Amino acid sequence: MPREVKLNELTDLLGEASYPLSAEMVQSKFGDVTLVYADGSEPMSEVLDRIESEQFDSAEDVQTSIFNAVPVEGVGEPGQSEGEG
């Protein structure tokens, strides 16, 4: 069943896995997730496709890579909390 996750809930989701994980395993574990942005949503699998890393040593590594790949518009206006809107 597809899951929807706000960006500010990403830490909890990624913490469910044991690390290190290959990029392929991250896709397998979280590919069904839809990331909910301030201005819409996007399948996490599409965000992961834009990331060049082959392995992640921690949930923080994955989260940082995802945040770097998310469109700026996805996090909303400057000063707005993630996921509000």
# chains A, B, ... in the order shown; residues from 1 in each chain; ligands from 1
call {"tool": "closest_atom_pairs", "arguments": {"of": "segment 44-63 of chain A", "to": "segment 3-23 of chain A", "cutoff": "8 Å", "atoms": "only C-alpha atoms", "output": "CSV"}}
result
residue,atom,partner,partner_atom,distance
A:Ser53,CA,A:Ala23,CA,6.7
A:Glu54,CA,A:Ala23,CA,5.0
A:Gln55,CA,A:Ser22,CA,4.2
A:Phe56,CA,A:Leu21,CA,5.3
A:Asp57,CA,A:Pro20,CA,4.2
A:Ser58,CA,A:Tyr19,CA,5.4
A:Ala59,CA,A:Leu14,CA,5.3
A:Glu60,CA,A:Thr11,CA,7.5
A:Val62,CA,A:Leu14,CA,7.6
A:Gln63,CA,A:Thr11,CA,6.9
call {"tool": "residues_around", "arguments": {"residues": "segment 47-49 of chain A", "least_positions_apart": "4", "cutoff": "7 Å", "atoms": "only C-alpha atoms", "output": "list in words"}}
result
Gln27, Pro43, Ile66, Ala69 and Val70 of chain A
call {"tool": "select_by_dssp", "arguments": {"residues": "chain A", "states": "strand (DSSP E)", "output": "ChimeraX atom specification"}}
result
/A:3-6,21-22,33-37,40-43,55-56
call {"tool": "select_by_dssp", "arguments": {"residues": "chain A", "states": "alpha helix (DSSP H)", "output": "ChimeraX atom specification"}}
result
/A:10-14,23-30,44-49,59-69
call {"tool": "decode", "arguments": {"residues": "chain A", "atoms": "C-alpha atoms", "output": "PDB file, in the first residue's frame"}}
result
ATOM      1  CA  MET A   1       0.000   0.000   0.000  1.00  0.00           C
ATOM      2  CA  PRO A   2       1.467   3.396  -0.960  1.00  0.00           C
ATOM      3  CA  ARG A   3       2.560   5.607   1.910  1.00  0.00           C
ATOM      4  CA  GLU A   4       2.533   9.411   2.044  1.00  0.00           C
ATOM      5  CA  VAL A   5       5.195  11.135   4.113  1.00  0.00           C
ATOM      6  CA  LYS A   6       5.756  14.844   4.745  1.00  0.00           C
ATOM      7  CA  LEU A   7       9.366  15.989   4.535  1.00  0.00           C
ATOM      8  CA  ASN A   8       9.428  16.674   8.274  1.00  0.00           C
ATOM      9  CA  GLU A   9       8.467  13.016   8.890  1.00  0.00           C
ATOM     10  CA  LEU A  10      11.251  11.616   6.713  1.00  0.00           C
ATOM     11  CA  THR A  11      13.659  11.013   9.609  1.00  0.00           C
ATOM     12  CA  ASP A  12      11.271   8.561  11.284  1.00  0.00           C
ATOM     13  CA  LEU A  13      10.595   6.701   8.041  1.00  0.00           C
ATOM     14  CA  LEU A  14      14.254   6.317   7.098  1.00  0.00           C
ATOM     15  CA  GLY A  15      15.098   5.261  10.654  1.00  0.00           C
ATOM     16  CA  GLU A  16      13.053   2.075  10.123  1.00  0.00           C
ATOM     17  CA  ALA A  17      15.879   0.554   8.039  1.00  0.00           C
ATOM     18  CA  SER A  18      19.215  -0.942   9.057  1.00  0.00           C
ATOM     19  CA  TYR A  19      22.269   0.667   7.485  1.00  0.00           C
ATOM     20  CA  PRO A  20      24.452   0.646   5.434  1.00  0.00           C
ATOM     21  CA  LEU A  21      22.126   0.205   2.444  1.00  0.00           C
ATOM     22  CA  SER A  22      22.792   0.213  -1.259  1.00  0.00           C
ATOM     23  CA  ALA A  23      20.881   2.685  -3.407  1.00  0.00           C
ATOM     24  CA  GLU A  24      19.001  -0.295  -4.846  1.00  0.00           C
ATOM     25  CA  MET A  25      17.869  -1.385  -1.370  1.00  0.00           C
ATOM     26  CA  VAL A  26      16.744   2.141  -0.506  1.00  0.00           C
ATOM     27  CA  GLN A  27      14.630   2.119  -3.690  1.00  0.00           C
ATOM     28  CA  SER A  28      13.222  -1.274  -2.730  1.00  0.00           C
ATOM     29  CA  LYS A  29      12.344  -0.280   0.852  1.00  0.00           C
ATOM     30  CA  PHE A  30      11.006   3.199   0.180  1.00  0.00           C
ATOM     31  CA  GLY A  31      10.029   3.267  -3.506  1.00  0.00           C
ATOM     32  CA  ASP A  32       6.319   3.084  -2.668  1.00  0.00           C
ATOM     33  CA  VAL A  33       6.463   6.299  -0.611  1.00  0.00           C
ATOM     34  CA  THR A  34       5.045   9.569  -1.897  1.00  0.00           C
ATOM     35  CA  LEU A  35       6.777  12.660  -0.530  1.00  0.00           C
ATOM     36  CA  VAL A  36       4.306  15.405   0.356  1.00  0.00           C
ATOM     37  CA  TYR A  37       5.644  18.892  -0.351  1.00  0.00           C
ATOM     38  CA  ALA A  38       4.341  22.319   0.592  1.00  0.00           C
ATOM     39  CA  ASP A  39       3.049  22.664  -2.988  1.00  0.00           C
ATOM     40  CA  GLY A  40       2.173  19.101  -4.011  1.00  0.00           C
ATOM     41  CA  SER A  41       3.791  15.684  -3.948  1.00  0.00           C
ATOM     42  CA  GLU A  42       6.222  13.439  -5.808  1.00  0.00           C
ATOM     43  CA  PRO A  43       6.985   9.725  -5.725  1.00  0.00           C
ATOM     44  CA  MET A  44      10.100   9.141  -3.622  1.00  0.00           C
ATOM     45  CA  SER A  45      11.327   6.734  -6.296  1.00  0.00           C
ATOM     46  CA  GLU A  46      11.641   9.695  -8.709  1.00  0.00           C
ATOM     47  CA  VAL A  47      13.634  11.687  -6.144  1.00  0.00           C
ATOM     48  CA  LEU A  48      15.888   8.684  -5.492  1.00  0.00           C
ATOM     49  CA  ASP A  49      16.499   8.349  -9.247  1.00  0.00           C
ATOM     50  CA  ARG A  50      18.098  11.827  -9.182  1.00  0.00           C
ATOM     51  CA  ILE A  51      20.584  10.840  -6.465  1.00  0.00           C
ATOM     52  CA  GLU A  52      23.975   9.596  -7.627  1.00  0.00           C
ATOM     53  CA  SER A  53      25.106   7.849  -4.408  1.00  0.00           C
ATOM     54  CA  GLU A  54      25.504   4.081  -4.630  1.00  0.00           C
ATOM     55  CA  GLN A  55      25.470   3.418  -0.879  1.00  0.00           C
ATOM     56  CA  PHE A  56      24.174   5.122   2.240  1.00  0.00           C
ATOM     57  CA  ASP A  57      25.808   4.609   5.636  1.00  0.00           C
ATOM     58  CA  SER A  58      22.950   6.057   7.700  1.00  0.00           C
ATOM     59  CA  ALA A  59      19.406   7.376   7.574  1.00  0.00           C
ATOM     60  CA  GLU A  60      20.928  10.865   7.766  1.00  0.00           C
ATOM     61  CA  ASP A  61      22.888  10.190   4.550  1.00  0.00           C
ATOM     62  CA  VAL A  62      19.690   9.251   2.720  1.00  0.00           C
ATOM     63  CA  GLN A  63      17.766  12.197   4.140  1.00  0.00           C
ATOM     64  CA  THR A  64      20.458  14.706   3.181  1.00  0.00           C
ATOM     65  CA  SER A  65      20.584  13.306  -0.352  1.00  0.00           C
ATOM     66  CA  ILE A  66      16.794  13.498  -0.654  1.00  0.00           C
ATOM     67  CA  PHE A  67      16.689  17.082   0.633  1.00  0.00           C
ATOM     68  CA  ASN A  68      19.345  18.013  -1.937  1.00  0.00           C
ATOM     69  CA  ALA A  69      17.249  16.442  -4.721  1.00  0.00           C
ATOM     70  CA  VAL A  70      13.869  17.922  -3.735  1.00  0.00           C
ATOM     71  CA  PRO A  71      12.773  20.956  -5.767  1.00  0.00           C
ATOM     72  CA  VAL A  72      13.156  24.229  -3.844  1.00  0.00           C
ATOM     73  CA  GLU A  73       9.447  24.905  -4.331  1.00  0.00           C
ATOM     74  CA  GLY A  74       8.693  21.697  -2.440  1.00  0.00           C
ATOM     75  CA  VAL A  75       9.726  23.097   0.910  1.00  0.00           C
ATOM     76  CA  GLY A  76       7.586  26.224   0.588  1.00  0.00           C
ATOM     77  CA  GLU A  77       8.296  29.867   1.292  1.00  0.00           C
ATOM     78  CA  PRO A  78      11.379  30.885   3.267  1.00  0.00           C
ATOM     79  CA  GLY A  79      10.548  30.736   6.972  1.00  0.00           C
ATOM     80  CA  GLN A  80       7.655  28.315   6.491  1.00  0.00           C
ATOM     81  CA  SER A  81       7.851  25.061   8.425  1.00  0.00           C
ATOM     82  CA  GLU A  82       8.183  21.918   6.327  1.00  0.00           C
ATOM     83  CA  GLY A  83       4.892  20.246   5.579  1.00  0.00           C
ATOM     84  CA  GLU A  84       2.682  23.183   6.489  1.00  0.00           C
ATOM     85  CA  GLY A  85       0.410  24.729   3.991  1.00  0.00           C
TER      86      GLY A  85
END
